[in-house]
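A.B. asks: Dropping a structure here in C-alpha cells format, bear with me for questions.
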Amino acid sequence: MATPHTDPAAWSTSRLLDRIPAYVRAFECYVPSRPDPVLMRQYGLSHLYRLNNNENALGPPPLAREALAALESGRTAQYPSGDSYNLRQALAARFGKSPEQFLVGNGSTEIIAAVIKSFCGPGDALVTADQTFAVYEWVGRFSGLETRLVPLRNHALDPGALLEAVNERTKIVFLCNPNNPTGSWWNRDTLEAFLESLPADVVVVLDEAYREFTEDSRFPDGMEVMERHPNVLVFRTFSKMYGLAGLRVGYLCGGQELVDVVRRCHIVYSVNVAGQMAAEAALADDAGHIAATRAMVAGARDFLRDAFDSLGLEHVGGIGNFIMVRTAIPDTLLYRQLMRQGVMVRTMTAFRFPNWIRISLAQDEAMEAFVRAFRAVLDQG
Ligand SMILES: Cc1ncc(COP(=O)(O)O)c(C=O)c1O
C-alpha cells in the first residue's frame with residue numbers, strides 16, 4: 001500500500017478518494033454508445049441504422065435546416081443569449097404564456113438537475129417510477145437524495161402507489177407522460193385525480209418529451225394543467241419531435257415564482273447559438289413536420305407490431321416514437337447480433353426490463369432492415 005513516503009502521489013489520491021461521499025462512490029457511470037464511425041469499424045459495417053435513442057429520423061423542419069445552414073462562423077465567436085431570450089419569446093407566443101415562465105436548458109436533462117438542486121437539500125426525497133426515464137433517478141442518487149422507485153402496473157405509472165410513496169420528506173415527484181420506455185400514458189382524468197390527491201407543496205415534474213407525438217384529445221396538456229396546479233413544472237424538448245437532439249435544447253415551463261427559483265440553480269449560457277436559433281426556427285415551421293413525423297411513426301409502429309405478432313412476441317408501445325419487444329435472447333447478445341447486421345437498438349436491462357429491447361420508430365427502409373436482421377437472429381436460435 002502506498003504511504004506518504006513510498007508514493008506520495010498515490011497516497012494523496014487515495015486520501016482524496018476516501019473523502020468522496022458514499023453516494024457518489026456507489027454510483028455507476030452511464031456509458032454512452034461510441035460514435036457511429038467507430039462502431040461501424042468495430043462491426044465491419046458500411047451502413048448503420050440508429051434505432052437506439054428515439055431520435056427523429058426525418059431530422060428537423062426545413063426552416064431549422066435553413067437557419068443552421070445560414071449560421072455564419074463569425075457568430076460563433078460571440079456568446080449566445082445567456083437565457084435564450086428570443087427562443088423564450090417564441091415559446092411564450094406559442095403557448096400563450098410569459099417568457100419569464102420558460103427556462104431553456106442544454107437538453108431538458110440539464111434542467112432536471114437544476115430542479116433537484118433548487119428544491120432539495122440533505123434528507124429530502126424524490127419519488128418516481130422504477131421503469132421510466134432513468135435520469136430522474138440518477139440525478140437523485142448522485143445528489144445523495146433518497147429516490148423512491150415505484151413499480152409500474154401493467155406497464156403504466158401507478159397513481160395510487162406513487163401517492164403512497166410520497167411522505168413529508170418528498171420534495172419532487174417525476175412523472176413521465178407518455179412514459180419512456182413503455183409508451184403508456186395517463187389521461188386527463190387520471191392526472192387530475194393524482195394532482196388533487198397529492199399534497200400541494202410537492203413539486204411535480206411532468207415530463208412531456210414525447211407529447212407532440214399524439215393528437216389524442218384525452219391526453220392532458222401540461223401547459224394547461226399547470227394553470228390549475230401551481231406545483232406542476234412541465235418539461236419539453238426539441239430533441240424528439242423537432243429533430244434537434246444533436247444541438248441539445250429542452251425547456252421547462254411553470255408558474256413564474258417557481259421558475260425563478262429554478263433559474264437560480266441553472267447554469268446560464270448553457271444553450272449554444274446554433275441550438276437557440278434552430279429551435280426558434282423549428283417552432284416557426286412545425287405543422288407539416290409534425291404531421292409527417294406522426295405518419296412515419298404510425299406506419300412504423302403498425303409494421304413492427306405485425307412483425308412481432310407474427311413471431312408471437314410480447315411487445316409494448318403506445319405514444320412516442322418507440323416500441324419495446326421481449327425475446328428469449330439476452331438483450332446485450334441480441335444487441336451485438338443486430339449490430340453485426342447494421343442495426344443499433346437499445347438494450348433494456350438498465351431500464352429494469354431484462355431481455356427486452358427498445359426500437360425507435362423510423363422510415364420504412366430502417367424498419368425493414370431491423371425486421372430482416374431481427375428475424376435472422378431469431379432464426380439462428
Ligand atoms: C422522457 C424523456 N425526457 C427527457 C429526455 C431528454 O431530453 P433532452 O434531449 O432534451 O435532454 C428524454 C430523452 O430520451 C426522454 O426520453
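Chain lettering (A, B, ...) mirrors the order of the C-alpha cells, residue numbering begins at 1 for each chain separately, and ligand numbering begins at 1 in order of display.
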Looking only at helix (DSSP H, G or I) from DSSP on the backbone, list the matching residues of stretch 99-300 of chain A as a short mmCIF file (atom, residue, chain, number, x, y, z; two decimals) with N, CA and C atoms, in the first residue's frame.

C.D. replies:
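Below you can see selection13.cif, which holds the result:
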```cif
data_model
loop_
_atom_site.label_atom_id
_atom_site.label_comp_id
_atom_site.auth_asym_id
_atom_site.auth_seq_id
_atom_site.Cartn_x
_atom_site.Cartn_y
_atom_site.Cartn_z
N PRO A 99 -42.71 35.04 -21.25
CA PRO A 99 -41.36 34.49 -21.46
C PRO A 99 -40.68 34.13 -20.15
N GLU A 100 -41.06 34.80 -19.07
CA GLU A 100 -40.42 34.52 -17.77
C GLU A 100 -40.82 33.16 -17.21
N GLN A 101 -41.86 32.57 -17.79
CA GLN A 101 -42.28 31.26 -17.30
C GLN A 101 -41.47 30.12 -17.92
N SER A 108 -33.40 18.92 -21.98
CA SER A 108 -34.22 19.02 -20.76
C SER A 108 -33.55 18.28 -19.61
N THR A 109 -32.63 17.36 -19.92
CA THR A 109 -31.93 16.67 -18.83
C THR A 109 -31.16 17.64 -17.95
N GLU A 110 -30.62 18.69 -18.56
CA GLU A 110 -29.88 19.65 -17.73
C GLU A 110 -30.82 20.29 -16.70
N ILE A 111 -32.05 20.48 -17.11
CA ILE A 111 -32.99 21.17 -16.21
C ILE A 111 -33.45 20.25 -15.07
N ILE A 112 -33.40 18.94 -15.31
CA ILE A 112 -33.73 18.01 -14.22
C ILE A 112 -32.80 18.31 -13.04
N ALA A 113 -31.51 18.47 -13.36
CA ALA A 113 -30.53 18.73 -12.28
C ALA A 113 -30.83 20.06 -11.60
N ALA A 114 -31.20 21.07 -12.39
CA ALA A 114 -31.47 22.40 -11.80
C ALA A 114 -32.68 22.34 -10.86
N VAL A 115 -33.70 21.59 -11.26
CA VAL A 115 -34.90 21.50 -10.42
C VAL A 115 -34.56 20.79 -9.11
N ILE A 116 -33.80 19.71 -9.21
CA ILE A 116 -33.45 18.97 -7.99
C ILE A 116 -32.59 19.83 -7.07
N LYS A 117 -31.62 20.55 -7.65
CA LYS A 117 -30.77 21.43 -6.81
C LYS A 117 -31.59 22.52 -6.16
N SER A 118 -32.61 23.02 -6.87
CA SER A 118 -33.38 24.14 -6.33
C SER A 118 -34.25 23.75 -5.15
N PHE A 119 -34.85 22.58 -5.22
CA PHE A 119 -35.85 22.25 -4.21
C PHE A 119 -35.36 21.30 -3.12
N VAL A 135 -32.94 9.28 -15.92
CA VAL A 135 -32.13 10.42 -15.45
C VAL A 135 -32.67 11.01 -14.13
N TYR A 136 -33.97 10.94 -13.90
CA TYR A 136 -34.51 11.46 -12.62
C TYR A 136 -33.83 10.72 -11.46
N GLU A 137 -33.81 9.38 -11.61
CA GLU A 137 -33.23 8.54 -10.56
C GLU A 137 -31.73 8.80 -10.43
N TRP A 138 -31.05 8.89 -11.55
CA TRP A 138 -29.60 9.07 -11.50
C TRP A 138 -29.23 10.36 -10.79
N VAL A 139 -29.88 11.46 -11.18
CA VAL A 139 -29.51 12.74 -10.57
C VAL A 139 -29.86 12.72 -9.08
N GLY A 140 -31.00 12.11 -8.76
CA GLY A 140 -31.37 11.98 -7.35
C GLY A 140 -30.29 11.24 -6.57
N ARG A 141 -29.85 10.11 -7.14
CA ARG A 141 -28.87 9.29 -6.42
C ARG A 141 -27.53 9.98 -6.30
N PHE A 142 -27.03 10.56 -7.38
CA PHE A 142 -25.69 11.16 -7.21
C PHE A 142 -25.75 12.52 -6.52
N PRO A 159 -50.80 5.45 -10.21
CA PRO A 159 -51.05 6.67 -9.42
C PRO A 159 -51.17 6.40 -7.93
N GLY A 160 -51.91 5.33 -7.57
CA GLY A 160 -52.11 5.05 -6.15
C GLY A 160 -50.80 4.74 -5.45
N ALA A 161 -49.98 3.92 -6.08
CA ALA A 161 -48.70 3.52 -5.47
C ALA A 161 -47.74 4.72 -5.41
N LEU A 162 -47.78 5.57 -6.40
CA LEU A 162 -46.92 6.77 -6.36
C LEU A 162 -47.35 7.66 -5.18
N LEU A 163 -48.66 7.82 -5.00
CA LEU A 163 -49.15 8.65 -3.88
C LEU A 163 -48.72 8.06 -2.55
N GLU A 164 -48.81 6.73 -2.46
CA GLU A 164 -48.41 6.07 -1.20
C GLU A 164 -46.93 6.27 -0.89
N ALA A 165 -46.13 6.41 -1.94
CA ALA A 165 -44.67 6.55 -1.72
C ALA A 165 -44.29 7.96 -1.26
N ARG A 188 -56.38 12.75 -19.02
CA ARG A 188 -56.62 13.96 -18.22
C ARG A 188 -57.17 13.63 -16.83
N ASP A 189 -58.13 12.70 -16.80
CA ASP A 189 -58.79 12.40 -15.52
C ASP A 189 -57.81 11.78 -14.53
N THR A 190 -56.98 10.87 -15.01
CA THR A 190 -56.02 10.22 -14.11
C THR A 190 -55.03 11.24 -13.56
N LEU A 191 -54.54 12.10 -14.43
CA LEU A 191 -53.56 13.10 -13.97
C LEU A 191 -54.22 14.08 -12.99
N GLU A 192 -55.43 14.49 -13.33
CA GLU A 192 -56.14 15.46 -12.49
C GLU A 192 -56.39 14.87 -11.09
N ALA A 193 -56.87 13.63 -11.06
CA ALA A 193 -57.15 12.99 -9.76
C ALA A 193 -55.87 12.85 -8.96
N PHE A 194 -54.77 12.53 -9.64
CA PHE A 194 -53.48 12.39 -8.94
C PHE A 194 -53.08 13.73 -8.33
N LEU A 195 -53.17 14.77 -9.12
CA LEU A 195 -52.73 16.09 -8.63
C LEU A 195 -53.62 16.59 -7.50
N GLU A 196 -54.90 16.26 -7.56
CA GLU A 196 -55.83 16.66 -6.48
C GLU A 196 -55.46 15.96 -5.17
N SER A 197 -54.97 14.72 -5.29
CA SER A 197 -54.67 13.94 -4.07
C SER A 197 -53.29 14.22 -3.50
N ARG A 211 -44.74 14.38 -26.02
CA ARG A 211 -46.12 14.83 -26.10
C ARG A 211 -46.57 15.13 -27.53
N GLU A 212 -45.67 15.68 -28.32
CA GLU A 212 -46.06 16.10 -29.68
C GLU A 212 -46.37 14.91 -30.59
N PHE A 213 -46.10 13.69 -30.12
CA PHE A 213 -46.35 12.53 -30.98
C PHE A 213 -47.82 12.11 -30.96
N GLY A 222 -49.95 19.59 -20.48
CA GLY A 222 -49.29 20.14 -19.30
C GLY A 222 -49.37 21.66 -19.23
N MET A 223 -49.35 22.30 -20.39
CA MET A 223 -49.36 23.76 -20.41
C MET A 223 -50.67 24.31 -19.82
N GLU A 224 -51.70 23.51 -19.96
CA GLU A 224 -53.00 23.91 -19.43
C GLU A 224 -53.13 23.45 -17.97
N VAL A 225 -52.63 22.24 -17.70
CA VAL A 225 -52.71 21.67 -16.34
C VAL A 225 -51.99 22.57 -15.33
N MET A 226 -50.84 23.12 -15.73
CA MET A 226 -50.06 23.95 -14.78
C MET A 226 -50.79 25.22 -14.38
N GLU A 227 -51.77 25.65 -15.16
CA GLU A 227 -52.53 26.84 -14.80
C GLU A 227 -53.38 26.58 -13.56
N ARG A 228 -53.85 25.33 -13.43
CA ARG A 228 -54.68 24.98 -12.27
C ARG A 228 -53.87 24.43 -11.11
N ALA A 245 -31.84 16.73 -31.58
CA ALA A 245 -31.17 16.10 -30.42
C ALA A 245 -29.70 16.48 -30.35
N GLY A 246 -29.06 16.61 -31.50
CA GLY A 246 -27.62 16.90 -31.51
C GLY A 246 -27.29 18.30 -31.01
N LEU A 247 -28.28 19.17 -30.97
CA LEU A 247 -28.00 20.54 -30.53
C LEU A 247 -28.36 20.76 -29.06
N GLN A 256 -44.39 31.53 -12.63
CA GLN A 256 -43.15 32.33 -12.64
C GLN A 256 -42.35 32.24 -11.34
N GLU A 257 -43.06 32.18 -10.22
CA GLU A 257 -42.32 32.17 -8.94
C GLU A 257 -41.45 30.93 -8.82
N LEU A 258 -42.03 29.79 -9.23
CA LEU A 258 -41.25 28.54 -9.15
C LEU A 258 -40.10 28.56 -10.16
N VAL A 259 -40.40 29.04 -11.35
CA VAL A 259 -39.37 29.06 -12.39
C VAL A 259 -38.22 29.97 -11.96
N ASP A 260 -38.56 31.08 -11.30
CA ASP A 260 -37.50 31.98 -10.81
C ASP A 260 -36.58 31.26 -9.83
N VAL A 261 -37.14 30.37 -9.05
CA VAL A 261 -36.31 29.61 -8.10
C VAL A 261 -35.38 28.66 -8.86
N VAL A 262 -35.93 27.96 -9.84
CA VAL A 262 -35.10 27.01 -10.59
C VAL A 262 -33.99 27.76 -11.32
N ARG A 263 -34.30 28.95 -11.80
CA ARG A 263 -33.31 29.74 -12.54
C ARG A 263 -32.05 30.00 -11.70
N ARG A 264 -32.23 30.12 -10.39
CA ARG A 264 -31.06 30.37 -9.52
C ARG A 264 -30.02 29.26 -9.63
N VAL A 273 -25.51 29.03 -29.50
CA VAL A 273 -26.12 29.87 -30.53
C VAL A 273 -26.91 29.03 -31.54
N ALA A 274 -26.28 27.98 -32.06
CA ALA A 274 -26.93 27.16 -33.09
C ALA A 274 -28.21 26.53 -32.55
N GLY A 275 -28.15 26.04 -31.34
CA GLY A 275 -29.32 25.39 -30.74
C GLY A 275 -30.47 26.38 -30.57
N GLN A 276 -30.18 27.54 -30.06
CA GLN A 276 -31.25 28.54 -29.84
C GLN A 276 -31.89 28.93 -31.18
N MET A 277 -31.05 29.20 -32.17
CA MET A 277 -31.56 29.64 -33.49
C MET A 277 -32.39 28.55 -34.15
N ALA A 278 -31.84 27.34 -34.14
CA ALA A 278 -32.53 26.24 -34.82
C ALA A 278 -33.85 25.91 -34.13
N ALA A 279 -33.87 25.98 -32.81
CA ALA A 279 -35.11 25.67 -32.09
C ALA A 279 -36.17 26.71 -32.39
N GLU A 280 -35.76 27.97 -32.44
CA GLU A 280 -36.73 29.02 -32.75
C GLU A 280 -37.30 28.82 -34.16
N ALA A 281 -36.42 28.51 -35.10
CA ALA A 281 -36.87 28.30 -36.49
C ALA A 281 -37.76 27.06 -36.57
N ALA A 282 -37.41 26.01 -35.82
CA ALA A 282 -38.20 24.77 -35.86
C ALA A 282 -39.63 25.03 -35.36
N LEU A 283 -39.71 25.84 -34.33
CA LEU A 283 -41.03 26.14 -33.75
C LEU A 283 -41.90 26.92 -34.75
N ALA A 287 -45.80 22.62 -38.40
CA ALA A 287 -47.06 21.92 -38.69
C ALA A 287 -46.85 20.73 -39.64
N GLY A 288 -46.23 20.99 -40.81
CA GLY A 288 -46.02 19.92 -41.78
C GLY A 288 -45.09 18.85 -41.24
N HIS A 289 -44.10 19.30 -40.50
CA HIS A 289 -43.10 18.38 -39.95
C HIS A 289 -43.74 17.43 -38.93
N ILE A 290 -44.58 17.98 -38.08
CA ILE A 290 -45.23 17.14 -37.06
C ILE A 290 -46.15 16.12 -37.74
N ALA A 291 -46.89 16.59 -38.76
CA ALA A 291 -47.80 15.67 -39.46
C ALA A 291 -46.99 14.55 -40.13
N ALA A 292 -45.89 14.90 -40.79
CA ALA A 292 -45.09 13.88 -41.49
C ALA A 292 -44.46 12.91 -40.49
N THR A 293 -44.02 13.44 -39.36
CA THR A 293 -43.39 12.56 -38.37
C THR A 293 -44.42 11.61 -37.77
N ARG A 294 -45.60 12.15 -37.45
CA ARG A 294 -46.64 11.27 -36.87
C ARG A 294 -47.01 10.17 -37.85
N ALA A 295 -47.09 10.51 -39.15
CA ALA A 295 -47.44 9.50 -40.15
C ALA A 295 -46.35 8.43 -40.22
N MET A 296 -45.08 8.87 -40.22
CA MET A 296 -43.97 7.90 -40.28
C MET A 296 -44.02 6.96 -39.07
N VAL A 297 -44.23 7.55 -37.89
CA VAL A 297 -44.21 6.77 -36.65
C VAL A 297 -45.38 5.79 -36.62
N ALA A 298 -46.55 6.24 -37.07
CA ALA A 298 -47.73 5.36 -37.05
C ALA A 298 -47.50 4.17 -37.98
N GLY A 299 -46.97 4.44 -39.17
CA GLY A 299 -46.71 3.36 -40.14
C GLY A 299 -45.69 2.37 -39.57
N ALA A 300 -44.64 2.91 -38.97
CA ALA A 300 -43.58 2.05 -38.43
C ALA A 300 -44.11 1.21 -37.28
#
```

A.B. asks: Mind listing the strand (DSSP E or B) residues of stretch 49-261 of chain A, per DSSP on the backbone, as a PyMOL selection string?

C.D. replies: chain A and resi 49-50+102-105+125-129+146-150+153+156+170-176+203-207+232-237+250-253

A.B. asks: Taking only C-alpha atoms and all ligand atoms into account, report as a PyMOL selection string which residues have an atom no farther than 9 Å from an atom of ligand 1.

C.D. replies: chain A and resi 53-55+105-112+132-135+175-181+207-210+235-240+244-251

A.B. asks: Just want the 12 Å neighbourhood of A:Ser14, counted on only C-alpha atoms, with same-chain residues fewer than 4 positions away dropped. Output as a list in words.

C.D. replies: Met1, Ala2, Thr3, Pro4, Asp7, Pro8, Ala9, Ala10, Asp18, Arg19 and Ile20 of chain A

A.B. asks: Would you save the residues of that selection, restricted to C-alpha atoms, as a CSV table (one decimal), in the first residue's frame?

C.D. replies:
```csv
chain,number,residue,atom,x,y,z
A,1,MET,CA,0.0,0.0,0.0
A,2,ALA,CA,1.2,3.5,-0.8
A,3,THR,CA,2.5,5.6,2.0
A,4,PRO,CA,3.3,9.4,2.0
A,7,ASP,CA,4.5,7.0,-3.3
A,8,PRO,CA,3.2,10.5,-2.2
A,9,ALA,CA,1.0,11.0,-5.3
A,10,ALA,CA,-0.8,7.6,-5.0
A,18,ASP,CA,-11.7,8.3,0.7
A,19,ARG,CA,-13.3,11.7,1.2
A,20,ILE,CA,-15.8,11.3,-1.7
```

A.B. asks: Ranking A:Gln337, A:Ser81, A:Asn167, A:Asn355 by minimum distance to A:Ser270 and counting only C-alpha atoms, which one comes first?

C.D. replies: A:Ser81

A.B. asks: So, with only C-alpha atoms as the atoms that count, which of A:Phe308, A:Tyr79, A:Tyr242, A:Phe95 lies closest to A:Tyr269?

C.D. replies: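 Of A:Phe308, A:Tyr79, A:Tyr242, A:Phe95, the one nearest A:Tyr269, counting only C-alpha atoms, is A:Tyr79.
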
A.B. asks: Which neighbours of stretch 320-325 of chain A fall inside 7 Å, counting only C-alpha atoms, when residues of the same chain fewer than 5 positions from it are skipped, and could you give them as a VMD selection string?

C.D. replies: chain A and resid 54 183 210 213 297 313 to 315 356 to 361

A.B. asks: Residues as selected, N, CA and C atoms, written as a PDB file, in the first residue's frame, can you do that?

C.D. replies:
```pdb
ATOM      1  N   ASN A  54     -34.406   7.108 -29.893  1.00  0.00           N
ATOM      2  CA  ASN A  54     -35.676   7.811 -30.163  1.00  0.00           C
ATOM      3  C   ASN A  54     -35.466   9.170 -30.812  1.00  0.00           C
ATOM      4  N   GLY A 183     -44.338   3.745 -23.312  1.00  0.00           N
ATOM      5  CA  GLY A 183     -45.299   4.441 -24.167  1.00  0.00           C
ATOM      6  C   GLY A 183     -46.679   4.566 -23.539  1.00  0.00           C
ATOM      7  N   TYR A 210     -42.350  13.454 -25.180  1.00  0.00           N
ATOM      8  CA  TYR A 210     -42.925  12.832 -26.392  1.00  0.00           C
ATOM      9  C   TYR A 210     -44.356  13.301 -26.642  1.00  0.00           C
ATOM     10  N   PHE A 213     -46.101  13.687 -30.118  1.00  0.00           N
ATOM     11  CA  PHE A 213     -46.352  12.533 -30.978  1.00  0.00           C
ATOM     12  C   PHE A 213     -47.819  12.109 -30.962  1.00  0.00           C
ATOM     13  N   VAL A 297     -44.227   7.555 -37.891  1.00  0.00           N
ATOM     14  CA  VAL A 297     -44.210   6.775 -36.650  1.00  0.00           C
ATOM     15  C   VAL A 297     -45.385   5.787 -36.622  1.00  0.00           C
ATOM     16  N   LEU A 313     -44.308 -12.638 -30.255  1.00  0.00           N
ATOM     17  CA  LEU A 313     -43.514 -11.988 -29.209  1.00  0.00           C
ATOM     18  C   LEU A 313     -44.322 -10.901 -28.493  1.00  0.00           C
ATOM     19  N   GLU A 314     -44.075 -10.796 -27.195  1.00  0.00           N
ATOM     20  CA  GLU A 314     -44.739  -9.751 -26.406  1.00  0.00           C
ATOM     21  C   GLU A 314     -44.114  -8.394 -26.748  1.00  0.00           C
ATOM     22  N   HIS A 315     -44.950  -7.400 -26.971  1.00  0.00           N
ATOM     23  CA  HIS A 315     -44.411  -6.066 -27.250  1.00  0.00           C
ATOM     24  C   HIS A 315     -45.250  -5.018 -26.515  1.00  0.00           C
ATOM     25  N   TRP A 356     -35.540  -7.352 -22.878  1.00  0.00           N
ATOM     26  CA  TRP A 356     -36.322  -6.513 -23.791  1.00  0.00           C
ATOM     27  C   TRP A 356     -35.355  -5.616 -24.572  1.00  0.00           C
ATOM     28  N   ILE A 357     -35.766  -5.249 -25.788  1.00  0.00           N
ATOM     29  CA  ILE A 357     -35.058  -4.184 -26.494  1.00  0.00           C
ATOM     30  C   ILE A 357     -36.082  -3.117 -26.868  1.00  0.00           C
ATOM     31  N   ARG A 358     -35.595  -1.892 -27.024  1.00  0.00           N
ATOM     32  CA  ARG A 358     -36.475  -0.799 -27.486  1.00  0.00           C
ATOM     33  C   ARG A 358     -35.979  -0.348 -28.850  1.00  0.00           C
ATOM     34  N   ILE A 359     -36.928  -0.155 -29.746  1.00  0.00           N
ATOM     35  CA  ILE A 359     -36.578   0.216 -31.119  1.00  0.00           C
ATOM     36  C   ILE A 359     -37.225   1.564 -31.425  1.00  0.00           C
ATOM     37  N   SER A 360     -36.457   2.509 -31.936  1.00  0.00           N
ATOM     38  CA  SER A 360     -37.030   3.792 -32.346  1.00  0.00           C
ATOM     39  C   SER A 360     -37.772   3.590 -33.656  1.00  0.00           C
ATOM     40  N   LEU A 361     -38.893   4.299 -33.810  1.00  0.00           N
ATOM     41  CA  LEU A 361     -39.732   4.137 -34.994  1.00  0.00           C
ATOM     42  C   LEU A 361     -39.294   5.135 -36.068  1.00  0.00           C
TER      43      LEU A 361
END
```
